[in-house]
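This is coords_33.cif (mmCIF, C-alpha atoms and all ligand atoms).
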```
data_model
#
loop_
_atom_site.label_atom_id
_atom_site.label_comp_id
_atom_site.auth_asym_id
_atom_site.auth_seq_id
_atom_site.Cartn_x
_atom_site.Cartn_y
_atom_site.Cartn_z
CA MET A 20 2.79 -18.37 33.59
CA SER A 21 -0.29 -16.48 34.78
CA LEU A 22 0.11 -12.81 33.98
CA LYS A 23 -1.85 -11.64 37.03
CA ASN A 24 0.26 -9.04 38.86
CA LYS A 25 3.30 -9.74 36.66
CA HIS A 26 5.33 -6.59 36.08
CA ILE A 27 5.47 -5.95 32.35
CA VAL A 28 7.29 -3.03 30.72
CA VAL A 29 6.02 -1.89 27.32
CA THR A 30 8.03 0.78 25.49
CA GLY A 31 6.23 3.02 23.01
CA ALA A 32 3.04 2.23 24.90
CA ALA A 33 0.90 5.28 24.13
CA LYS A 34 -0.32 4.43 20.65
CA GLY A 35 -0.23 2.01 17.73
CA ILE A 36 1.03 -1.52 18.33
CA GLY A 37 2.28 -0.68 21.84
CA ALA A 38 -1.17 0.53 22.93
CA ALA A 39 -2.79 -2.67 21.59
CA ILE A 40 -0.24 -4.77 23.51
CA VAL A 41 -1.01 -2.81 26.68
CA ASP A 42 -4.76 -3.47 26.29
CA SER A 43 -4.23 -7.17 25.80
CA LEU A 44 -1.86 -7.57 28.80
CA ALA A 45 -3.97 -5.37 31.08
CA ALA A 46 -6.93 -7.68 30.43
CA GLN A 47 -4.84 -10.50 31.98
CA GLY A 48 -4.33 -8.54 35.23
CA ALA A 49 -0.68 -7.58 34.66
CA ARG A 50 0.95 -4.55 36.30
CA LEU A 51 2.15 -2.38 33.46
CA SER A 52 4.96 0.15 33.20
CA LEU A 53 4.17 2.31 30.19
CA MET A 54 7.23 4.01 28.68
CA GLY A 55 7.55 6.60 25.92
CA ARG A 56 8.77 10.16 25.42
CA THR A 57 5.40 11.88 25.79
CA LEU A 58 4.01 11.57 29.32
CA SER A 59 0.60 13.03 28.42
CA GLY A 60 0.01 10.28 25.81
CA LEU A 61 0.99 7.58 28.29
CA GLU A 62 -1.23 9.06 30.99
CA GLN A 63 -4.18 9.13 28.62
CA LYS A 64 -3.60 5.44 27.92
CA ALA A 65 -3.11 4.54 31.60
CA ALA A 66 -6.25 6.36 32.76
CA LYS A 67 -8.40 3.38 31.76
CA LEU A 68 -6.11 0.75 33.36
CA ALA A 69 -6.31 -0.70 36.88
CA GLN A 70 -2.57 -1.21 37.48
CA ALA A 71 -0.32 1.03 35.41
CA GLN A 72 2.46 3.53 35.94
CA CYS A 73 3.72 5.97 33.31
CA ILE A 74 7.39 6.77 32.91
CA ALA A 75 8.85 9.27 30.43
CA VAL A 76 11.80 7.59 28.71
CA ASP A 77 13.71 8.23 25.50
CA VAL A 78 14.74 4.68 24.59
CA ALA A 79 17.54 6.01 22.37
CA ASP A 80 19.23 7.57 25.42
CA GLU A 81 21.01 5.10 27.73
CA ALA A 82 20.83 7.37 30.79
CA SER A 83 17.13 8.01 30.29
CA VAL A 84 16.51 4.25 29.98
CA ALA A 85 18.47 3.57 33.19
CA GLN A 86 16.46 6.21 35.09
CA GLY A 87 13.19 4.94 33.64
CA PHE A 88 13.78 1.31 34.64
CA ALA A 89 14.91 2.35 38.13
CA ALA A 90 11.58 4.14 38.53
CA ALA A 91 9.68 1.17 37.09
CA VAL A 92 11.29 -1.28 39.54
CA GLU A 93 10.74 1.09 42.45
CA GLY A 94 7.01 1.17 41.64
CA PHE A 95 6.25 -2.43 40.70
CA GLY A 96 9.36 -4.52 41.61
CA PRO A 97 11.64 -6.47 39.26
CA VAL A 98 10.50 -6.72 35.65
CA ASP A 99 9.01 -10.11 34.70
CA ILE A 100 8.42 -9.36 31.01
CA LEU A 101 9.93 -6.73 28.72
CA ILE A 102 8.27 -5.72 25.46
CA ASN A 103 10.67 -3.64 23.33
CA ASN A 104 8.18 -1.96 21.02
CA ALA A 105 9.23 1.71 20.63
CA GLY A 106 10.59 2.45 17.18
CA GLN A 107 10.62 4.86 14.28
CA ALA A 108 11.00 4.47 10.51
CA ALA A 109 12.64 7.26 8.49
CA THR A 110 12.16 7.10 4.73
CA ALA A 111 14.87 8.22 2.29
CA PRO A 112 16.56 6.89 -0.84
CA PHE A 113 19.99 5.64 0.22
CA HIS A 114 21.87 8.17 -1.93
CA LYS A 115 20.11 11.04 -0.14
CA MET A 116 20.34 9.69 3.42
CA ASP A 117 22.66 11.50 5.81
CA GLY A 118 24.67 10.08 8.70
CA ALA A 119 22.42 11.68 11.30
CA THR A 120 19.37 9.79 9.99
CA TRP A 121 21.35 6.55 9.88
CA ARG A 122 22.51 6.96 13.49
CA GLN A 123 19.05 8.00 14.70
CA MET A 124 17.51 4.85 13.18
CA GLN A 125 20.13 2.61 14.83
CA ALA A 126 19.72 4.46 18.15
CA VAL A 127 15.95 4.32 18.40
CA ASN A 128 15.40 0.86 16.89
CA LEU A 129 18.48 -1.15 17.88
CA ASP A 130 20.56 0.54 20.60
CA SER A 131 17.30 0.94 22.53
CA VAL A 132 16.76 -2.82 22.62
CA PHE A 133 20.24 -3.32 24.04
CA TYR A 134 19.74 -0.58 26.66
CA CYS A 135 16.37 -1.97 27.82
CA CYS A 136 17.47 -5.63 27.86
CA ALA A 137 20.56 -4.66 29.86
CA GLN A 138 18.30 -3.17 32.53
CA VAL A 139 16.28 -6.36 33.12
CA ILE A 140 18.58 -9.26 32.38
CA GLY A 141 20.28 -9.36 35.82
CA ASP A 142 16.99 -9.62 37.72
CA MET A 143 15.62 -12.17 35.25
CA ARG A 144 18.72 -14.35 35.63
CA ALA A 145 18.44 -14.12 39.42
CA ALA A 146 14.75 -15.10 39.24
CA LYS A 147 15.50 -17.85 36.67
CA SER A 148 12.49 -16.54 34.80
CA GLY A 149 11.68 -13.87 32.23
CA ARG A 150 10.34 -13.09 28.81
CA ILE A 151 11.72 -10.55 26.37
CA ILE A 152 9.74 -9.80 23.23
CA ASN A 153 11.21 -7.49 20.63
CA ILE A 154 8.81 -5.95 18.13
CA ALA A 155 11.03 -6.17 15.07
CA SER A 156 9.43 -6.19 11.62
CA THR A 157 9.34 -8.12 8.37
CA ALA A 158 12.16 -5.60 7.72
CA ALA A 159 14.23 -7.85 10.01
CA LEU A 160 13.71 -10.73 7.54
CA LYS A 161 13.93 -9.14 4.09
CA GLY A 162 14.99 -5.92 2.42
CA TYR A 163 12.76 -2.97 1.52
CA GLY A 164 13.80 0.02 -0.59
CA TYR A 165 13.96 3.57 0.78
CA VAL A 166 14.18 2.47 4.43
CA SER A 167 17.70 1.03 4.46
CA ALA A 168 18.67 2.40 7.89
CA TYR A 169 15.48 1.00 9.43
CA VAL A 170 15.97 -2.38 7.70
CA ALA A 171 19.57 -2.58 8.93
CA ALA A 172 18.51 -1.74 12.49
CA LYS A 173 15.68 -4.31 12.49
CA HIS A 174 18.01 -7.01 11.13
CA GLY A 175 20.25 -6.09 14.07
CA VAL A 176 17.35 -6.53 16.49
CA LEU A 177 16.84 -10.06 15.19
CA GLY A 178 20.54 -10.86 15.55
CA LEU A 179 20.51 -9.62 19.13
CA THR A 180 17.31 -11.62 19.79
CA ARG A 181 18.91 -14.85 18.61
CA ALA A 182 22.20 -14.34 20.47
CA LEU A 183 20.52 -13.34 23.73
CA ALA A 184 18.08 -16.27 23.44
CA LEU A 185 21.03 -18.66 23.33
CA GLU A 186 22.78 -17.02 26.28
CA THR A 187 19.66 -17.08 28.44
CA ALA A 188 18.09 -20.39 27.39
CA ALA A 189 19.41 -22.23 30.43
CA HIS A 190 18.31 -19.44 32.78
CA GLY A 191 14.53 -19.73 32.37
CA ILE A 192 14.37 -16.74 30.03
CA THR A 193 12.96 -16.64 26.50
CA VAL A 194 13.79 -13.95 23.94
CA ASN A 195 11.79 -13.65 20.72
CA ALA A 196 11.11 -11.23 17.91
CA VAL A 197 7.64 -10.53 16.56
CA CYS A 198 7.85 -9.36 12.95
CA PRO A 199 4.75 -7.54 11.72
CA GLY A 200 4.21 -6.57 8.11
CA TYR A 201 2.71 -3.16 7.35
CA THR A 202 0.38 -2.52 10.29
CA GLU A 203 -2.34 0.10 10.46
CA THR A 204 -0.76 2.68 12.84
CA GLU A 205 0.47 6.27 12.68
CA LEU A 206 3.85 4.98 11.50
CA VAL A 207 2.23 3.53 8.38
CA ARG A 208 -0.07 6.53 7.98
CA ASP A 209 3.14 8.65 7.82
CA SER A 210 4.50 6.29 5.11
CA ILE A 211 1.25 6.68 3.15
CA ALA A 212 1.51 10.49 3.42
CA ASN A 213 5.13 10.28 2.27
CA ILE A 214 4.25 8.15 -0.78
CA MET A 215 1.45 10.61 -1.64
CA GLU A 216 3.82 13.57 -1.38
CA LYS A 217 6.70 11.98 -3.30
CA THR A 218 4.67 10.27 -6.05
CA GLY A 219 1.46 12.28 -6.35
CA ARG A 220 -0.61 9.13 -5.74
CA SER A 221 -3.95 9.27 -3.93
CA GLU A 222 -4.31 7.94 -0.37
CA ALA A 223 -6.13 4.82 -1.64
CA GLU A 224 -3.35 4.16 -4.18
CA ALA A 225 -0.61 4.66 -1.58
CA ARG A 226 -2.40 2.37 0.90
CA ALA A 227 -2.89 -0.27 -1.81
CA GLU A 228 0.82 -0.06 -2.64
CA LEU A 229 1.69 -1.02 0.96
CA ALA A 230 -1.08 -3.64 1.28
CA LYS A 231 -0.13 -5.44 -1.92
CA GLY A 232 3.08 -6.78 -0.33
CA ASN A 233 0.84 -8.86 1.96
CA PRO A 234 -0.55 -11.91 0.09
CA GLN A 235 -3.79 -11.40 2.04
CA GLY A 236 -3.95 -7.96 0.38
CA ARG A 237 -4.45 -5.93 3.54
CA LEU A 238 -2.72 -4.07 6.32
CA ILE A 239 -2.20 -5.95 9.61
CA GLN A 240 -4.21 -4.69 12.61
CA PRO A 241 -2.34 -3.80 15.86
CA ALA A 242 -4.51 -6.27 17.84
CA GLU A 243 -3.16 -9.14 15.71
CA VAL A 244 0.38 -8.29 16.77
CA ALA A 245 -0.78 -7.96 20.39
CA ASP A 246 -2.35 -11.45 20.26
CA THR A 247 1.02 -12.92 19.22
CA VAL A 248 2.79 -11.06 22.02
CA LEU A 249 0.25 -12.35 24.53
CA TRP A 250 0.85 -15.92 23.37
CA LEU A 251 4.62 -15.45 23.83
CA CYS A 252 4.03 -14.17 27.37
CA GLN A 253 2.01 -17.20 28.43
CA HIS A 254 3.04 -20.53 29.90
CA GLY A 255 2.51 -22.62 26.76
CA SER A 256 5.23 -20.77 24.83
CA GLN A 257 8.07 -21.59 27.22
CA SER A 258 9.91 -23.62 24.55
CA ILE A 259 9.74 -20.82 22.00
CA THR A 260 12.98 -18.84 22.09
CA GLY A 261 15.24 -17.16 19.55
CA GLN A 262 12.41 -17.08 17.02
CA ALA A 263 11.27 -14.49 14.52
CA ILE A 264 7.50 -14.80 14.28
CA ALA A 265 6.10 -13.06 11.24
CA VAL A 266 2.62 -11.54 11.55
CA ALA A 267 2.34 -10.64 7.91
CA GLY A 268 -0.28 -12.64 6.03
CA GLY A 269 2.36 -14.82 4.38
CA GLU A 270 4.60 -11.99 3.13
CA VAL A 271 7.65 -13.91 4.37
CA MET A 272 7.89 -17.67 4.79
P1 LIG B 301 3.76 4.41 16.23
O1 LIG B 301 2.28 4.32 16.12
O2 LIG B 301 4.49 5.51 15.53
O3 LIG B 301 4.17 4.39 17.76
C1 LIG B 301 5.51 4.37 18.12
C2 LIG B 301 5.62 4.51 19.62
O4 LIG B 301 7.01 4.53 19.97
C3 LIG B 301 5.00 5.78 20.13
O5 LIG B 301 4.25 5.50 21.29
C4 LIG B 301 6.20 6.67 20.45
O6 LIG B 301 5.87 7.51 21.54
C5 LIG B 301 7.27 5.64 20.80
N1 LIG B 301 8.61 6.13 20.56
C6 LIG B 301 9.15 6.54 19.40
N2 LIG B 301 10.40 6.95 19.58
C7 LIG B 301 10.67 6.77 20.90
C8 LIG B 301 11.79 7.03 21.72
N3 LIG B 301 12.93 7.54 21.23
N4 LIG B 301 11.72 6.72 23.04
C9 LIG B 301 10.58 6.21 23.56
N5 LIG B 301 9.48 5.95 22.84
C10 LIG B 301 9.53 6.24 21.53
O7 LIG B 301 4.47 3.07 15.69
P2 LIG B 301 3.93 1.57 15.54
O8 LIG B 301 3.56 1.38 14.13
O9 LIG B 301 2.97 1.25 16.62
O10 LIG B 301 5.31 0.78 15.75
C11 LIG B 301 5.64 0.10 16.95
C12 LIG B 301 6.78 -0.85 16.65
O11 LIG B 301 6.36 -1.77 15.64
C13 LIG B 301 8.05 -0.18 16.12
O12 LIG B 301 9.18 -0.80 16.64
C14 LIG B 301 7.95 -0.44 14.62
O13 LIG B 301 9.22 -0.44 14.00
C15 LIG B 301 7.31 -1.80 14.60
N6 LIG B 301 6.65 -2.13 13.36
C16 LIG B 301 5.64 -1.36 12.86
C17 LIG B 301 5.04 -1.71 11.65
C18 LIG B 301 3.96 -0.89 11.04
O14 LIG B 301 3.69 -1.09 9.84
N7 LIG B 301 3.30 -0.01 11.76
C19 LIG B 301 5.47 -2.85 10.96
C20 LIG B 301 6.50 -3.61 11.51
C21 LIG B 301 7.08 -3.25 12.71
P3 LIG B 301 6.53 8.96 21.76
O15 LIG B 301 6.57 9.60 20.39
O16 LIG B 301 5.67 9.65 22.75
O17 LIG B 301 7.87 8.69 22.31
#
```
What does the file become when written as C-alpha cells?
Amino acid sequence: MSLKNKHIVVTGAAKGIGAAIVDSLAAQGARLSLMGRTLSGLEQKAAKLAQAQCIAVDVADEASVAQGFAAAVEGFGPVDILINNAGQAATAPFHKMDGATWRQMQAVNLDSVFYCCAQVIGDMRAAKSGRIINIASTAALKGYGYVSAYVAAKHGVLGLTRALALETAAHGITVNAVCPGYTETELVRDSIANIMEKTGRSEAEARAELAKGNPQGRLIQPAEVADTVLWLCQHGSQSITGQAIAVAGGEVM
C-alpha cells in the first residue's frame, strides 16, 4: 500500500507520539486529518504540512467524534487508515481514586477507540481495505501501580483490537495495537513531576525510576513509536493483524 494521498486520521495529533506519527506519515505523501481538542495546537502542527486538515474533536464525546469524522470525510474522502492515539493517564493510588477519574480514563482511552473505529469501519468494509492502529501501551500487557484506571482501559483497548481484528480479517482490514513503554512526551513529563511532588525525589531520580523498567535503561523516543506505526501502514504488514507490538526495549516479552 503506497501512502501517497491516502486519507489518514490521527487523533491527539498536536504533540507527543501523535505529532511524531504525523511527521512520519506526511513524509510518505499521505493526506492527514489531525484531531484533538485544541485547534491552535493542531494548526501549528499542520502549518508545516502539504496536505493536512485540522478538526477539533473530543474523542471521549461520541457526538463530537461523529461530527469530526463527518468533517474529515467531507474534506479528504473516506478514511483509509485510522490511528487512535489520543489518550490521558491519571495517577492515583487505587484507594484514593474516585469514580469520576475512573470513568474519565475509560472514556478518553477506551470508549474513544470504539467511537472512532465505529466511524470508519463501514467505509473500510465497503472498500475491502483499511488499517486501524491503536496506540495502547505496555499497560495493555502488564499491570502498573497507581494507574489502575489507565491500565484497565488500555487492557480494554487490546481486547477490542483483537476482537475487531478477527471480525475484519476477511474484509481486507487489519487492526493492531502498538504498545510503547515510557516514552519521552508531556504525558511522561507530567508523571515525572508527579513523582517529584509525591516523593520529594529530584527530576533525575524520578526519570531514572521510569527508565529503569526498560531493560535498555532509557525512555522510548516518539519517533520510534512512529516508525512502528509506519511499518503497520505499509504493504508488507498486510498479514499482521490482532497483534500487540511492544516498543519498550524488552520490558515485556
Ligand atoms: P501527550 O503528549 O499528552 O499527547 C496526548 C494528545 O492527546 C494531545 O495531543 C492531546 O491534545 C490529545 N488528547 C488528550 N485528550 C483528548 C481528548 N479527550 N480528545 C482529543 N484529543 C485528546 O501524550 P503522549 O505521551 O503522546 O500519548 C499518546 C498516546 O500514547 C496515548 O494514548 C498514551 O496513552 C499512549 N502512550 C504513551 C506513553 C508515554 O510514556 N508517553 C506510553 C505508552 C502509551 P489536546 O489536549 O489538545 O486534546
Residues within 12 Å of A:Ala265, only C-alpha atoms, excluding chain neighbours under 3 positions, as number ranges by chain: A: 154-161, 177, 195-201, 233, 239, 243-244, 247-248, 262, 268-272
Contacts with ligand LIG 301 (chain B) at most 7 Å, all atoms listed in the file counted, listed as number ranges by chain: A: 30-37, 54-57, 60, 76-79, 104-108, 127-128, 154-157, 198-207
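If all atoms listed in the file are the atoms counted, then among A:Ala119, A:Leu179, A:Cys135, A:Ala172 the closest residue to A:Gln86 is A:Cys135.
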Length of the atom CA of A:Gln123 to atom CA of A:Tyr165 vector [Å]: 15.5 Å
For A:Ala145, the nearest of the candidates A:Val98, A:Val194, A:Leu61, A:Met215, counting only C-alpha atoms: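 Of A:Val98, A:Val194, A:Leu61, A:Met215, the one nearest A:Ala145 is A:Val98, counting only C-alpha atoms.
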Separation of atom CA of A:Val92 from atom CA of A:Ala137 in Å: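 Interatomic distance, atom CA of A:Ala137 to atom CA of A:Val92: 13.8 Å.
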Neighbours of point (6.1, -10.1, 34.7) within 8 Å, using only C-alpha atoms, written as an MDAnalysis selection string: chainID A and resid 22 24:27 49:50 98:101 149:150
Selected residue of minimal separation from A:Ala85 among A:Gly175, A:Lys23, A:Arg122, A:Tyr134, counting all atoms listed in the file: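 Of A:Gly175, A:Lys23, A:Arg122, A:Tyr134, the one nearest A:Ala85 is A:Tyr134, counting all atoms listed in the file.
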Nearest to A:Thr180, chosen from A:Ile192, A:Ile151, A:Ala39, A:Ile140, with all atoms listed in the file counted in the distances: A:Ile151
Nearest to A:Thr110, chosen from A:Leu229, A:Ile214, A:Val166, A:Ala223, with only C-alpha atoms counted in the distances: A:Val166
Near A:Ser256, counting all atoms listed in the file, which residues have an atom at most 10 Å away, once you skip same-chain residues fewer than 5 positions from it, shown as an mmCIF file with C-alpha atoms, in the frame of the given file?
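Below you can see around12.cif, which holds the result:
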```
data_model
loop_
_atom_site.group_PDB
_atom_site.id
_atom_site.type_symbol
_atom_site.label_atom_id
_atom_site.label_comp_id
_atom_site.auth_asym_id
_atom_site.auth_seq_id
_atom_site.Cartn_x
_atom_site.Cartn_y
_atom_site.Cartn_z
ATOM 1 C CA MET A 20 2.790 -18.370 33.590
ATOM 2 C CA THR A 193 12.960 -16.640 26.500
ATOM 3 C CA LEU A 249 0.250 -12.350 24.530
ATOM 4 C CA TRP A 250 0.850 -15.920 23.370
ATOM 5 C CA LEU A 251 4.620 -15.450 23.830
#
```
Contacts of A:Ala109 at 8 Å (only C-alpha atoms; same-chain gap of 2+ positions) as a ChimeraX atom specification: /A:107,111,120,124,166,168-169
Minimum-distance residue to A:His174, chosen among A:Ala188, A:Ala227, A:Val41, A:Leu129 (using all atoms listed in the file):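 The closest residue to A:His174 is A:Leu129.
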Spatial neighbours of A:Leu58, max dist 8 Å, only C-alpha atoms, sep filter under 5 positions, as a list in words: Cys73, Ile74 and Ala75 of chain A
Atom pair atom CA of A:Ile259 / atom CA of A:Ala71: separation (Å):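 We find that atom CA of A:Ile259 and atom CA of A:Ala71 lie 27.5 Å from each other.
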N, CA, C and O atoms are needed for stretch 239-258 of chain A; please write them out as a CSV table (one decimal), in the coordinates of the input.
```csv
chain,number,residue,atom,x,y,z
A,239,ILE,N,-2.0,-5.2,8.4
A,239,ILE,CA,-2.2,-6.0,9.6
A,239,ILE,C,-2.8,-5.0,10.6
A,239,ILE,O,-2.5,-3.8,10.6
A,240,GLN,N,-3.6,-5.5,11.5
A,240,GLN,CA,-4.2,-4.7,12.6
A,240,GLN,C,-3.4,-4.8,13.9
A,240,GLN,O,-2.8,-5.9,14.2
A,241,PRO,N,-3.2,-3.7,14.6
A,241,PRO,CA,-2.3,-3.8,15.9
A,241,PRO,C,-2.8,-4.9,16.8
A,241,PRO,O,-1.9,-5.6,17.4
A,242,ALA,N,-4.1,-5.2,16.9
A,242,ALA,CA,-4.5,-6.3,17.8
A,242,ALA,C,-4.0,-7.6,17.4
A,242,ALA,O,-3.8,-8.5,18.3
A,243,GLU,N,-3.7,-7.8,16.1
A,243,GLU,CA,-3.2,-9.1,15.7
A,243,GLU,C,-1.7,-9.3,16.2
A,243,GLU,O,-1.3,-10.4,16.6
A,244,VAL,N,-1.0,-8.2,16.2
A,244,VAL,CA,0.4,-8.3,16.8
A,244,VAL,C,0.3,-8.5,18.3
A,244,VAL,O,1.1,-9.3,18.8
A,245,ALA,N,-0.6,-7.8,18.9
A,245,ALA,CA,-0.8,-8.0,20.4
A,245,ALA,C,-1.1,-9.4,20.8
A,245,ALA,O,-0.7,-9.9,21.8
A,246,ASP,N,-2.0,-10.1,20.0
A,246,ASP,CA,-2.4,-11.4,20.3
A,246,ASP,C,-1.1,-12.4,20.2
A,246,ASP,O,-1.0,-13.3,21.1
A,247,THR,N,-0.2,-12.1,19.3
A,247,THR,CA,1.0,-12.9,19.2
A,247,THR,C,1.9,-12.7,20.4
A,247,THR,O,2.5,-13.6,21.0
A,248,VAL,N,2.0,-11.4,20.8
A,248,VAL,CA,2.8,-11.1,22.0
A,248,VAL,C,2.2,-11.8,23.2
A,248,VAL,O,2.9,-12.3,24.1
A,249,LEU,N,0.9,-11.7,23.4
A,249,LEU,CA,0.2,-12.4,24.5
A,249,LEU,C,0.6,-13.8,24.6
A,249,LEU,O,0.9,-14.4,25.6
A,250,TRP,N,0.5,-14.5,23.4
A,250,TRP,CA,0.8,-15.9,23.4
A,250,TRP,C,2.3,-16.1,23.9
A,250,TRP,O,2.6,-17.0,24.7
A,251,LEU,N,3.2,-15.3,23.4
A,251,LEU,CA,4.6,-15.4,23.8
A,251,LEU,C,4.8,-15.2,25.3
A,251,LEU,O,5.8,-15.6,25.9
A,252,CYS,N,3.9,-14.5,25.9
A,252,CYS,CA,4.0,-14.2,27.4
A,252,CYS,C,3.5,-15.3,28.2
A,252,CYS,O,3.8,-15.4,29.4
A,253,GLN,N,2.7,-16.2,27.6
A,253,GLN,CA,2.0,-17.2,28.4
A,253,GLN,C,2.8,-18.5,28.6
A,253,GLN,O,3.8,-18.8,27.9
A,254,HIS,N,2.3,-19.3,29.5
A,254,HIS,CA,3.0,-20.5,29.9
A,254,HIS,C,3.3,-21.4,28.7
A,254,HIS,O,4.4,-22.0,28.6
A,255,GLY,N,2.4,-21.6,27.8
A,255,GLY,CA,2.5,-22.6,26.8
A,255,GLY,C,3.6,-22.3,25.8
A,255,GLY,O,4.0,-23.2,25.0
A,256,SER,N,4.2,-21.1,25.8
A,256,SER,CA,5.2,-20.8,24.8
A,256,SER,C,6.6,-20.9,25.4
A,256,SER,O,7.6,-20.3,24.9
A,257,GLN,N,6.8,-21.6,26.5
A,257,GLN,CA,8.1,-21.6,27.2
A,257,GLN,C,9.2,-22.2,26.4
A,257,GLN,O,10.4,-21.9,26.6
A,258,SER,N,8.9,-23.0,25.4
A,258,SER,CA,9.9,-23.6,24.6
A,258,SER,C,10.3,-22.8,23.3
A,258,SER,O,11.2,-23.1,22.6
```
